[in-house]
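J.: One structure, as structure tokens, below. Some questions next.
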Amino acid sequence: MERLVMNEYLNKVLEKTRRLNEEQPEYLQAVEEVLTSIEPVINAHPEFEKLAILERMVEPERCILFRVPWVNDAGQVIVNRGYRIQYSSLIGPYKGGLRFHPSVNLSIMKFLGFEQIFKNALTGLPIGGAKGGSDFDPKGKSEGEIMRFCQSFMTELYRHIGQDVDVPAGDIGVGAREIGYLFGQYKKIKDAYEGGVLTGKDICYGGSLARKEATGYGLMFFMREMLKKHGKSLDGKTVTISGSGNVAIYACQKAYAMGAKVVAMSDSNGCVYDENGIDLETIKKIKEVQRGRIKEYLNFHPNAQYFESVNSSHPIWNIKTDIALPCATQNELNIEEARVLLKNGVIAVGEGANMPCTYEAAKYLIENGVLFAPAKAANAGGVATSAIEMSQNSMRYYYTFEEVEHKLERIMINIFNNCAKASEEFGHSGNYLDGANIAAFKQLSDAMKAQGVV
Ligand code: NDP
Ligand code: 2IT
């Protein structure tokens with residue numbers, strides 16, 4: 001959807017970005033959302049045009065594309081494509097996850113890298129923005145295949161990263177298992193123990209307690225603060241959560257701890273609805289241990305219902321709920337689905353995934369009074385805790401689970417307050433999407449001005 005922007009400089013940059021990146025819809029979507037949001041700041045700073053602040057913000061510092069050859073169990077050589085988008089080192093080493101999913105392409109990598117710069121600024125910690133990954137599909141692969149793929153991926157990636165240069169972590173399809181294989185190969189090639197070169201490591205070799213839980217927990221801390229500001233709470237609320245991966249599982253855990261009832265979760269094949277409340281231990285067993293499909297939930301809870309996803313539909317958004325948490329992937333909640341949620345009485349939507357709502361859906365929800373927690377603020381707890389992992393690695397020390405969780409909670413409260421403040425300052429009170437973009441952009445543009453033309 002084209003958005004109306006009055007500022008001439010903004011329009012010029014938008015047009016140029018569209019022209020240069022015609023084939024990259026997700027990237028353009030992310031850029032358009034941010035640039036549209038920050039119009040009041042651009043209006044207040046006419047000097048930004050001469051400094052080309054926006055042109056420098058939207059163009060990645062470096063895009064690395066590489067070949068990843070590996071041998072499958074049948075002896076066949078397979079070639080995948082690897083990516084690392086080193087988007088911005090303005091406020092710290094490049095930092096952001098790796099995604100292994102067949103849909104990965106340059107547009108998706110660039111959109112994620114772009115979002116990451118702003119998200120990382122919101123954490124208040126010294127981390128730049130990056131993203132990487134591959135079109136490799138981990139589904140159905142053996143342990144040996146996963147390991148060989150990770151080793152081949154790192155055999156190229158290692159020369160581009162380092163604990164003060166670029167620090168990858170997990171994302172879709174990359175969890176502690178993959179990080180372990182990547183770390184092992186990095187260490188073997190470098191012949192040095194650089195603990196802080198990757199985050200999301202297992203606890204047994206330098207990972208941080210509470211990193212696994214951090215994105216989901218952080219989302220719920222943000223949601224709690226947002227509801228509180230509007231005189232509401234999670235107590236007794238129903239919640240639906242799309243996805244059943246890392247973010248979804250720990251959002252579910254915290255939602256229960258905050259007194260809510262999670263009634264539905266999903267994967268790419270469909271969703272389960274359990275009116276008694278989703279049994280998270282069953283989900284964890286199916287997803288974390290067996291790496292199975294969510295449909296198997298019915299083997300343990302025959303009274304639950306399963307709704308198959310047909311033609312990439314998202315049946316989970318048809319389920320009546322007070323709070324909806326899209327925690328699977330980009331553009332998984334569109335305007336029609338937003339309308340159904342609203343008709344069914346939704347009061348808040350929290351983006352655990354990156355850009356899960358289309359811009360039209362997000363705008364519709366906000367305009368209709370639904371409290372909206374935008375991804376780059378609401379899911380920043382994961383990368384914030386990655387930065388806490390890096391600091392523990394540098395100190396050669398560790399914090400307890402409670403210490404890390406407490407730091408995470410403080411960071412999420414700060415992020416919410418900063419989004420609220422920025423939204424008020426520019427007359428968009430209660431629009432935390434604009435608030436998040438404005439708060440992050442102000443810090444980044446200040447840093448850009450301070451460092452000169454580089
Ligand atoms: P996981 O791989 O652990 O889980 C992903 C979940 O989303 C799975 O249930 C998966 O289902 C579903 N999913 C993935 N792709 C699609 C798709 N194209 N269509 C439908 N369902 C899909 O990933 P995470 O939980 O780590 O990541 C989820 C989201 O959260 C992503 O958007 C990620 O960028 C974002 N995020 C992650 C952070 C982290 O720390 N891990 C931090 C901040 C954001 P299936 O198994 O069927 O594929
Ligand atoms: O999207 C994200 O913020 C992540 N996948 C986590 C990145 C990180 O470096 O922990």
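In the structure tokens, chains take letters A, B, ... by order of appearance, with residues numbered from 1 within each chain and ligands from 1 in the order shown.
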For the contact check between chain A and ligand 2, emit one row per residue of chain A within 6 Å, containing the shortest atom pair and the distance in Å rounded to one decimal, counting only C-alpha atoms and all ligand atoms, chain then rising number order, as JSON lines.
T.:
{"residue": "A:Lys95", "atom": "CA", "partner": "ligand 2", "partner_atom_place_in_ligand_line": "9 (O)", "distance": 5.2}
{"residue": "A:Gly96", "atom": "CA", "partner": "ligand 2", "partner_atom_place_in_ligand_line": "9 (O)", "distance": 3.6}
{"residue": "A:Gly97", "atom": "CA", "partner": "ligand 2", "partner_atom_place_in_ligand_line": "7 (C)", "distance": 4.1}
{"residue": "A:Pro168", "atom": "CA", "partner": "ligand 2", "partner_atom_place_in_ligand_line": "9 (O)", "distance": 5.6}
{"residue": "A:Ala169", "atom": "CA", "partner": "ligand 2", "partner_atom_place_in_ligand_line": "9 (O)", "distance": 4.6}
{"residue": "A:Gly170", "atom": "CA", "partner": "ligand 2", "partner_atom_place_in_ligand_line": "5 (N)", "distance": 5.4}
{"residue": "A:Asp171", "atom": "CA", "partner": "ligand 2", "partner_atom_place_in_ligand_line": "5 (N)", "distance": 4.1}
{"residue": "A:Ala380", "atom": "CA", "partner": "ligand 2", "partner_atom_place_in_ligand_line": "3 (O)", "distance": 5.9}
{"residue": "A:Gly382", "atom": "CA", "partner": "ligand 2", "partner_atom_place_in_ligand_line": "10 (O)", "distance": 5.1}
{"residue": "A:Val383", "atom": "CA", "partner": "ligand 2", "partner_atom_place_in_ligand_line": "10 (O)", "distance": 3.5}
{"residue": "A:Ser386", "atom": "CA", "partner": "ligand 2", "partner_atom_place_in_ligand_line": "10 (O)", "distance": 4.7}
J.: Could you write those residues out with all heavy atoms, as an mmCIF file, in the first residue's frame?
T.:
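again_23.cif written:
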data_model
loop_
_atom_site.group_PDB
_atom_site.id
_atom_site.type_symbol
_atom_site.label_atom_id
_atom_site.label_comp_id
_atom_site.auth_asym_id
_atom_site.auth_seq_id
_atom_site.Cartn_x
_atom_site.Cartn_y
_atom_site.Cartn_z
ATOM 1 N N LYS A 95 25.025 -6.810 14.671
ATOM 2 C CA LYS A 95 24.410 -7.814 15.554
ATOM 3 C C LYS A 95 23.042 -8.195 15.042
ATOM 4 O O LYS A 95 22.223 -7.327 14.733
ATOM 5 C CB LYS A 95 24.277 -7.220 16.979
ATOM 6 C CG LYS A 95 23.626 -8.170 17.978
ATOM 7 C CD LYS A 95 24.649 -9.095 18.598
ATOM 8 C CE LYS A 95 24.042 -10.292 19.305
ATOM 9 N NZ LYS A 95 23.839 -11.474 18.422
ATOM 10 N N GLY A 96 22.794 -9.481 14.943
ATOM 11 C CA GLY A 96 21.481 -9.953 14.524
ATOM 12 C C GLY A 96 21.546 -11.419 14.160
ATOM 13 O O GLY A 96 22.626 -11.991 14.006
ATOM 14 N N GLY A 97 20.376 -12.014 14.025
ATOM 15 C CA GLY A 97 20.284 -13.462 13.905
ATOM 16 C C GLY A 97 20.575 -14.025 12.529
ATOM 17 O O GLY A 97 20.793 -13.294 11.553
ATOM 18 N N PRO A 168 26.600 -12.922 15.090
ATOM 19 C CA PRO A 168 25.323 -13.558 14.746
ATOM 20 C C PRO A 168 24.699 -14.313 15.926
ATOM 21 O O PRO A 168 25.363 -14.576 16.940
ATOM 22 C CB PRO A 168 25.712 -14.534 13.630
ATOM 23 C CG PRO A 168 27.067 -14.122 13.156
ATOM 24 C CD PRO A 168 27.735 -13.521 14.364
ATOM 25 N N ALA A 169 23.421 -14.659 15.754
ATOM 26 C CA ALA A 169 22.681 -15.436 16.758
ATOM 27 C C ALA A 169 21.638 -16.254 16.009
ATOM 28 O O ALA A 169 21.764 -16.451 14.799
ATOM 29 C CB ALA A 169 22.024 -14.477 17.746
ATOM 30 N N GLY A 170 20.619 -16.732 16.708
ATOM 31 C CA GLY A 170 19.593 -17.550 16.072
ATOM 32 C C GLY A 170 18.441 -16.727 15.523
ATOM 33 O O GLY A 170 18.329 -15.527 15.749
ATOM 34 N N ASP A 171 17.595 -17.386 14.780
ATOM 35 C CA ASP A 171 16.318 -16.846 14.289
ATOM 36 C C ASP A 171 15.548 -18.091 13.819
ATOM 37 O O ASP A 171 15.842 -19.203 14.287
ATOM 38 C CB ASP A 171 16.548 -15.831 13.143
ATOM 39 C CG ASP A 171 15.302 -15.009 12.819
ATOM 40 O OD1 ASP A 171 15.026 -14.040 13.526
ATOM 41 O OD2 ASP A 171 14.576 -15.349 11.868
ATOM 42 N N ALA A 380 12.389 -7.007 21.139
ATOM 43 C CA ALA A 380 13.797 -6.630 21.320
ATOM 44 C C ALA A 380 14.465 -7.323 22.507
ATOM 45 O O ALA A 380 15.678 -7.237 22.682
ATOM 46 C CB ALA A 380 13.920 -5.111 21.477
ATOM 47 N N GLY A 382 15.073 -10.378 22.953
ATOM 48 C CA GLY A 382 15.993 -11.432 22.531
ATOM 49 C C GLY A 382 17.379 -10.875 22.271
ATOM 50 O O GLY A 382 18.373 -11.322 22.856
ATOM 51 N N VAL A 383 17.429 -9.859 21.428
ATOM 52 C CA VAL A 383 18.750 -9.306 21.095
ATOM 53 C C VAL A 383 19.352 -8.571 22.295
ATOM 54 O O VAL A 383 20.572 -8.568 22.486
ATOM 55 C CB VAL A 383 18.682 -8.426 19.831
ATOM 56 C CG1 VAL A 383 18.049 -7.077 20.088
ATOM 57 C CG2 VAL A 383 20.077 -8.247 19.229
ATOM 58 N N SER A 386 20.992 -11.109 24.162
ATOM 59 C CA SER A 386 22.219 -11.478 23.449
ATOM 60 C C SER A 386 23.354 -10.522 23.830
ATOM 61 O O SER A 386 24.503 -10.945 24.018
ATOM 62 C CB SER A 386 22.004 -11.394 21.933
ATOM 63 O OG SER A 386 21.404 -12.563 21.435
#
J.: Report as JSON lines: every residue of chain A with an atom at most 8 Å from ligand 1, its closest pair of atoms, and their distance in Å to one decimal, counting only C-alpha atoms and all ligand atoms, with rows sorted by chain and ascending residue number.
T.:
{"residue": "A:Gly97", "atom": "CA", "partner": "ligand 1", "partner_atom_place_in_ligand_line": "39 (C)", "distance": 7.4}
{"residue": "A:Arg99", "atom": "CA", "partner": "ligand 1", "partner_atom_place_in_ligand_line": "34 (O)", "distance": 7.5}
{"residue": "A:His101", "atom": "CA", "partner": "ligand 1", "partner_atom_place_in_ligand_line": "15 (N)", "distance": 7.3}
{"residue": "A:Ser103", "atom": "CA", "partner": "ligand 1", "partner_atom_place_in_ligand_line": "18 (N)", "distance": 7.0}
{"residue": "A:Leu112", "atom": "CA", "partner": "ligand 1", "partner_atom_place_in_ligand_line": "34 (O)", "distance": 7.4}
{"residue": "A:Lys139", "atom": "CA", "partner": "ligand 1", "partner_atom_place_in_ligand_line": "48 (O)", "distance": 7.8}
{"residue": "A:Ala169", "atom": "CA", "partner": "ligand 1", "partner_atom_place_in_ligand_line": "40 (O)", "distance": 7.9}
{"residue": "A:Gly170", "atom": "CA", "partner": "ligand 1", "partner_atom_place_in_ligand_line": "41 (N)", "distance": 5.6}
{"residue": "A:Asp171", "atom": "CA", "partner": "ligand 1", "partner_atom_place_in_ligand_line": "26 (O)", "distance": 4.2}
{"residue": "A:Ile172", "atom": "CA", "partner": "ligand 1", "partner_atom_place_in_ligand_line": "2 (O)", "distance": 3.4}
{"residue": "A:Gly173", "atom": "CA", "partner": "ligand 1", "partner_atom_place_in_ligand_line": "2 (O)", "distance": 4.0}
{"residue": "A:Val174", "atom": "CA", "partner": "ligand 1", "partner_atom_place_in_ligand_line": "2 (O)", "distance": 6.3}
{"residue": "A:Gly175", "atom": "CA", "partner": "ligand 1", "partner_atom_place_in_ligand_line": "3 (O)", "distance": 6.8}
{"residue": "A:Arg211", "atom": "CA", "partner": "ligand 1", "partner_atom_place_in_ligand_line": "40 (O)", "distance": 7.8}
{"residue": "A:Lys212", "atom": "CA", "partner": "ligand 1", "partner_atom_place_in_ligand_line": "40 (O)", "distance": 7.2}
{"residue": "A:Ala214", "atom": "CA", "partner": "ligand 1", "partner_atom_place_in_ligand_line": "40 (O)", "distance": 7.0}
{"residue": "A:Thr215", "atom": "CA", "partner": "ligand 1", "partner_atom_place_in_ligand_line": "40 (O)", "distance": 5.2}
{"residue": "A:Ser242", "atom": "CA", "partner": "ligand 1", "partner_atom_place_in_ligand_line": "7 (O)", "distance": 7.2}
{"residue": "A:Gly243", "atom": "CA", "partner": "ligand 1", "partner_atom_place_in_ligand_line": "9 (O)", "distance": 3.6}
{"residue": "A:Ser244", "atom": "CA", "partner": "ligand 1", "partner_atom_place_in_ligand_line": "9 (O)", "distance": 3.8}
{"residue": "A:Gly245", "atom": "CA", "partner": "ligand 1", "partner_atom_place_in_ligand_line": "4 (O)", "distance": 3.3}
{"residue": "A:Asn246", "atom": "CA", "partner": "ligand 1", "partner_atom_place_in_ligand_line": "25 (O)", "distance": 3.7}
{"residue": "A:Val247", "atom": "CA", "partner": "ligand 1", "partner_atom_place_in_ligand_line": "25 (O)", "distance": 3.9}
{"residue": "A:Ala248", "atom": "CA", "partner": "ligand 1", "partner_atom_place_in_ligand_line": "25 (O)", "distance": 5.9}
{"residue": "A:Ile249", "atom": "CA", "partner": "ligand 1", "partner_atom_place_in_ligand_line": "25 (O)", "distance": 7.7}
{"residue": "A:Ser266", "atom": "CA", "partner": "ligand 1", "partner_atom_place_in_ligand_line": "9 (O)", "distance": 6.3}
{"residue": "A:Asp267", "atom": "CA", "partner": "ligand 1", "partner_atom_place_in_ligand_line": "11 (O)", "distance": 3.8}
{"residue": "A:Ser268", "atom": "CA", "partner": "ligand 1", "partner_atom_place_in_ligand_line": "47 (O)", "distance": 3.6}
{"residue": "A:Asn269", "atom": "CA", "partner": "ligand 1", "partner_atom_place_in_ligand_line": "47 (O)", "distance": 5.8}
{"residue": "A:Lys287", "atom": "CA", "partner": "ligand 1", "partner_atom_place_in_ligand_line": "46 (O)", "distance": 8.0}
{"residue": "A:Arg293", "atom": "CA", "partner": "ligand 1", "partner_atom_place_in_ligand_line": "47 (O)", "distance": 6.9}
{"residue": "A:Ser312", "atom": "CA", "partner": "ligand 1", "partner_atom_place_in_ligand_line": "19 (N)", "distance": 7.3}
{"residue": "A:Cys327", "atom": "CA", "partner": "ligand 1", "partner_atom_place_in_ligand_line": "29 (C)", "distance": 5.1}
{"residue": "A:Ala328", "atom": "CA", "partner": "ligand 1", "partner_atom_place_in_ligand_line": "7 (O)", "distance": 3.4}
{"residue": "A:Thr329", "atom": "CA", "partner": "ligand 1", "partner_atom_place_in_ligand_line": "32 (O)", "distance": 3.9}
{"residue": "A:Gln330", "atom": "CA", "partner": "ligand 1", "partner_atom_place_in_ligand_line": "32 (O)", "distance": 5.9}
{"residue": "A:Glu332", "atom": "CA", "partner": "ligand 1", "partner_atom_place_in_ligand_line": "19 (N)", "distance": 7.1}
{"residue": "A:Gly352", "atom": "CA", "partner": "ligand 1", "partner_atom_place_in_ligand_line": "30 (O)", "distance": 5.5}
{"residue": "A:Ala353", "atom": "CA", "partner": "ligand 1", "partner_atom_place_in_ligand_line": "30 (O)", "distance": 3.4}
{"residue": "A:Asn354", "atom": "CA", "partner": "ligand 1", "partner_atom_place_in_ligand_line": "32 (O)", "distance": 4.2}
{"residue": "A:Met355", "atom": "CA", "partner": "ligand 1", "partner_atom_place_in_ligand_line": "32 (O)", "distance": 7.2}
{"residue": "A:Pro356", "atom": "CA", "partner": "ligand 1", "partner_atom_place_in_ligand_line": "32 (O)", "distance": 6.9}
{"residue": "A:Ala375", "atom": "CA", "partner": "ligand 1", "partner_atom_place_in_ligand_line": "44 (C)", "distance": 7.5}
{"residue": "A:Asn379", "atom": "CA", "partner": "ligand 1", "partner_atom_place_in_ligand_line": "43 (C)", "distance": 4.9}
{"residue": "A:Ala380", "atom": "CA", "partner": "ligand 1", "partner_atom_place_in_ligand_line": "43 (C)", "distance": 6.1}
{"residue": "A:Gly381", "atom": "CA", "partner": "ligand 1", "partner_atom_place_in_ligand_line": "42 (C)", "distance": 7.2}
{"residue": "A:Gly382", "atom": "CA", "partner": "ligand 1", "partner_atom_place_in_ligand_line": "40 (O)", "distance": 4.4}
{"residue": "A:Val383", "atom": "CA", "partner": "ligand 1", "partner_atom_place_in_ligand_line": "42 (C)", "distance": 6.2}
J.: Give me, please, the distance in Å between CA of Tyr273 in chain A and CA of Phe300 in chain A, quoted to one decimal.
T.: 13.1 Å
J.: Hey, which of A:Lys237, A:Cys357, A:Ile388, A:Lys285 ends up closest to Gly345 in chain A? Count only C-alpha atoms.
T.: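 Going through A:Lys237, A:Cys357, A:Ile388, A:Lys285 one by one, the smallest distance to Gly345 in chain A is for A:Lys237.
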J.: Would you please give, as an MDAnalysis selection string, all residues of range 174-417 of chain A that DSSP assigns to strand (DSSP E or B) based on the backbone?
T.: chainID A and resid 174 238:242 261:267 270:273 305:308 323:326 333 348:350 357 371:373
J.: Do you know which residues are at most 10 Å from range 80-84 of chain A counting only C-alpha atoms, after dropping those on the same chain fewer than 4 positions away, and could you put them as a ChimeraX atom specification?
T.: /A:62-70,96-100,102,104-106,109-110,113,130-137,149,152-154,156-157,160-161,166,168
J.: Report the residues of range 56-302 of chain A whose backbone DSSP state falls under alpha helix (DSSP H), written as number ranges by chain.
T.: A: 56-58, 106-122, 143-157, 176-190, 211-229, 246-257, 280-284, 297-300
